[in-house]
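Worksheet: one structure, shown below.
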Amino acid sequence: MSQTFNRLSGWIVDRPWVTTGLLAVITAFSVIGYYDPGLITDRFQETGIEGSKSSNSDQDNVARPNVSSFSLNSHAVLVVETDSIFTGQGTKALRQIVQSLEETDYIRNVIWMDKVPMLNIFGLPEPLLPHESASPERFAKSKQKALEHPFIRGQLLSADAQTLLLLVNFELLFVKSDEDCIAGVRQIAEQVAKEFPNVEFKFGVTGNLPIYITAMQSHEANQFYYQIIGYTMIAIMAIILFRGFAAVFIIALAPGLGVFWTLGFIQYFQFSDNPFNDVVLPVLVSLVGLTDGVHLMVQIRKLRGSGMKPRDAARAGIHQVGLACGLTSLTTAIGFGSLSLAGHSLVQEFGYCCVIGVTLSFISVVTTIPLACSTWLGKYVHVGQNKSLIDKNLDRIGEVVVYVLPRKNWISFLAIASTVLFILVSLTLRPDERRSSVLPTRSEPAKALATMDRALGGLETSSVDLSWGEQVGSNSPEVITVIGEVDKLLNAEPLLGHPLSIRNLIESLPGDGKPEDRMSLLELLPPPIKRAFYEPEARTANVSFRVQDLGISSYSPVFDRLTQGIEKIERDHPEFKLTLSGDAVWRWQNLYQIVIDLATSLGVASLIIFAVLAIVYRSFRIGLISIIPNLFPLALAGAYLVITGQALEVVTVCAFTCCLGIAVDDTIHFLTRYQEEKSRTNDEEAAIRSAFTGVGTALIMTTIVLIAGFCTVLLSDSRDHFTFASMAIITLSGALFADLVFLPAMLARFAPQTDFESANSKNPAEQPD
């Protein structure tokens, strides 16, 4: 393998025009991806006719009255905080705010408590809020009436009557900019509120559309802004570490070209809208390319410093380090590729994009750096070699291995024990996900969402859906009985807000008696209200409830208890079928499996990587030894999550898997150099010291640059980006410590000389030229 690779890699330096042509072809392909990927993809797409879908469900074939049900769903929610809702000036201001909003061309309507249908059996219009000139007593009665209305209390008005929701629906064809849907709505309300200086208002806008818009704006802004910051930081760190313009320029060129290729290639697969690809992918690909580039450049600089000519140094450098870089790229790609086993489409796409990025980054490194070093730039790559921060202090760093080797037994025990301990702590992590994770923490929709959680029990709604067989009449009292049992079940959970059903509507109507005995009153209700929760001809009903954005882990025991309670109700009423539905319920049902899939992918990747190492180094024992320094940083990061009270989210498992692929790179370079040194001496500890000195510079350099790059992502106000970057920093720091402390000790303790004798005749990776 080594001879074949050396022959092929020699072409890069010996046939520069062939290499330049390859780079030009890949670059052109990427440029087309940026400009119009359809120029290529359209040639491979087949046209066809989609078959029509039909449904044989009995309920789908039921003829329904042409009546629109009343709904509290909307594009956006204007959250109003004031203690003057039920005052003359407050009522007047609110009505003018609603009027101004509805006079705006891109707003279709505003639903608020003054427009909610009144529950009177005569169907007569009856305003809830009195005229602004009404007496305080009249407003007090109005407040009491509002808090007794099932469509208002907990739905549009908080229990303390100090937070009010205005549900805004847009004419989307007339919306000119995204800001119209967020800042535009708030500014209209604030402008009207200025006319009432005696009334204190606080406004915020949230809802499905504002949340989506804010998330997309954040991703688009981060995509450019944090890339520039990251690349600038990497360049600064490279200048500090290498102290030579030519080396820094070449080092920066290779990963930069890899990122450019990657972002162009993913356009062909329509993966560009994935939020993980906006910030994390470019930084991740650039850092992966940079790590291999640093190892290659360090070797070429040493060869140039020893007196080799630029072309000879470039050829010898790619021969000695190139195959090890290929092996690290393979293991990194395995780690990233394991994300494709996840059930979440965004995670799968991110895994595919990472594999594409790692592959293109490797091609960029092993072609661009040797090619550039064989030109006139190669004359200067060794300039500043003895002035670099790491090289000047390498003797001090070497004291680490001098301290470790005499204490190999207890350090090996410490490595194994601490890894096992951290793994046991990490196993206590529980899956979680929050809707606000995609939002900047200081954004208006995130703040307004928190207000809704606190005052009204959340923005998001879920429901218990009921259906029954033909044996049960639509007006049967048993329907109300079952709904009552569901209501009782929901009201027993403090985290579930304000259940709403036809039972609440019946209880709000005048008269005495149990709701089961007053089922006939439903016929007197306005059809839009009744049909919002009850469709007699379809034999269905539902009970809705609010869910806060506390994370699915908080609701997991709640939904478990609901499921058990629903099963009991079904046993007591066998003709009824009850189902939990809603986005929060879906996340609860699927998130656990998603995280399990990701954890499985992490395990599969680990096994494959360690199997590859055992095969490449022709030693099962070396494969086992490599487990500890690569599991330790992951276990450390997991323990950090537990200690800081965080949960296991999709983004954290992605970080685990990605960092496994990156962290194993340092182990490979250390083991490869160790094997090379072992072929020259029978002194085990001397080989370890030489390996430490030989790759120590590159290991420390790459880790510093990687951490510097991920530190830039910490500046993002996206919670997911911050979590991913912090996990990466902890993992990479732990990996460097394990490779420089634990790995030498475990090699000295568990890898006897005979373990490498069969491999000395043929080095699988780095061979001196």
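So you can find residues: chains in the structure tokens are A, B, ... in the order shown, residues in each start at 1, and ligands are numbered from 1 in order.
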Apply DSSP to the structure's backbone, then extract all residues of region 459-524 of chain A labelled alpha helix (DSSP H) and return them as a ChimeraX atom specification.
/A:477-491,502-508
Selection: 7 Å around Ala541 (chain A), only C-alpha atoms, excl. self and same-chain fewer than 4 positions, as a PyMOL selection string
chain A and resi 465-467+533-535
So, with only C-alpha atoms as the atoms that count, which of A:Gly258, A:Gly378, A:Gly38, A:Gly335 lies closest to Arg304 (chain A)?
A:Gly378
Could I get the residues of region 622-702 of chain A with an atom no further than 12 Å from an atom of region 548-557 of chain A, each paired with its nearest atom pair and that distance in Å to one decimal, using only C-alpha atoms, sorted by chain and residue number, as a Markdown table?
| residue | atom | partner | partner_atom | distance |
| --- | --- | --- | --- | --- |
| A:Gln646 | CA | A:Ser553 | CA | 10.6 |
| A:Ala647 | CA | A:Ser553 | CA | 8.0 |
| A:Leu648 | CA | A:Ser553 | CA | 9.4 |
| A:Glu649 | CA | A:Ser553 | CA | 9.9 |
May I have the selected residues written with N, CA and C atoms, as a CSV table (one decimal), in the first residue's frame?
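Wrote out35.csv, looks like this:
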chain,number,residue,atom,x,y,z
A,646,GLN,N,-27.0,19.8,31.6
A,646,GLN,CA,-27.5,19.8,30.2
A,646,GLN,C,-28.0,18.4,29.8
A,647,ALA,N,-28.7,18.3,28.7
A,647,ALA,CA,-29.3,17.0,28.3
A,647,ALA,C,-28.6,16.6,27.0
A,648,LEU,N,-28.9,15.4,26.6
A,648,LEU,CA,-28.4,14.8,25.4
A,648,LEU,C,-29.3,15.2,24.2
A,649,GLU,N,-28.9,16.2,23.4
A,649,GLU,CA,-29.7,16.7,22.3
A,649,GLU,C,-29.1,16.2,21.0
When you look at region 687-700 of chain A with a cut-off of 6 Å (counting only C-alpha atoms), what residues show up, excluding the ones that are within fewer than 6 positions of it in the same chain? I need them as a list in words.
His295, Arg673, Tyr674, Glu677 and Lys678 of chain A
I'd like the contact shell of Ile40 (chain A) - 12 Å cut-off, only C-alpha atoms, skipping same-chain residues fewer than 6 positions apart - returned as a compact mmCIF listing (two decimals) with N, CA and C atoms, in the first residue's frame.
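Done, and the output landed in around-v3.txt:
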# COMPACT_ATOMS: atom_id res chain seq x y z
N ALA A 28 -13.85 24.09 -11.18
CA ALA A 28 -14.90 24.44 -12.15
C ALA A 28 -16.21 23.78 -11.78
N PHE A 29 -16.15 22.52 -11.36
CA PHE A 29 -17.35 21.81 -10.95
C PHE A 29 -18.01 22.51 -9.76
N SER A 30 -17.19 22.99 -8.83
CA SER A 30 -17.73 23.70 -7.67
C SER A 30 -18.35 25.03 -8.07
N VAL A 31 -17.69 25.74 -8.99
CA VAL A 31 -18.22 27.04 -9.44
C VAL A 31 -19.59 26.86 -10.09
N ILE A 32 -19.75 25.81 -10.87
CA ILE A 32 -21.06 25.53 -11.48
C ILE A 32 -22.09 25.28 -10.39
N GLY A 33 -21.69 24.59 -9.30
CA GLY A 33 -22.61 24.34 -8.19
C GLY A 33 -23.08 25.63 -7.55
N TYR A 34 -22.18 26.60 -7.40
CA TYR A 34 -22.58 27.90 -6.86
C TYR A 34 -23.50 28.63 -7.83
N PHE A 265 -20.07 21.78 -3.99
CA PHE A 265 -20.54 20.43 -4.29
C PHE A 265 -21.89 20.12 -3.65
N GLN A 267 -24.34 21.89 -3.27
CA GLN A 267 -25.46 22.48 -4.01
C GLN A 267 -26.11 21.46 -4.94
N TYR A 268 -25.32 20.52 -5.43
CA TYR A 268 -25.86 19.50 -6.33
C TYR A 268 -26.82 18.55 -5.62
N PHE A 269 -26.70 18.46 -4.31
CA PHE A 269 -27.54 17.53 -3.54
C PHE A 269 -28.64 18.24 -2.76
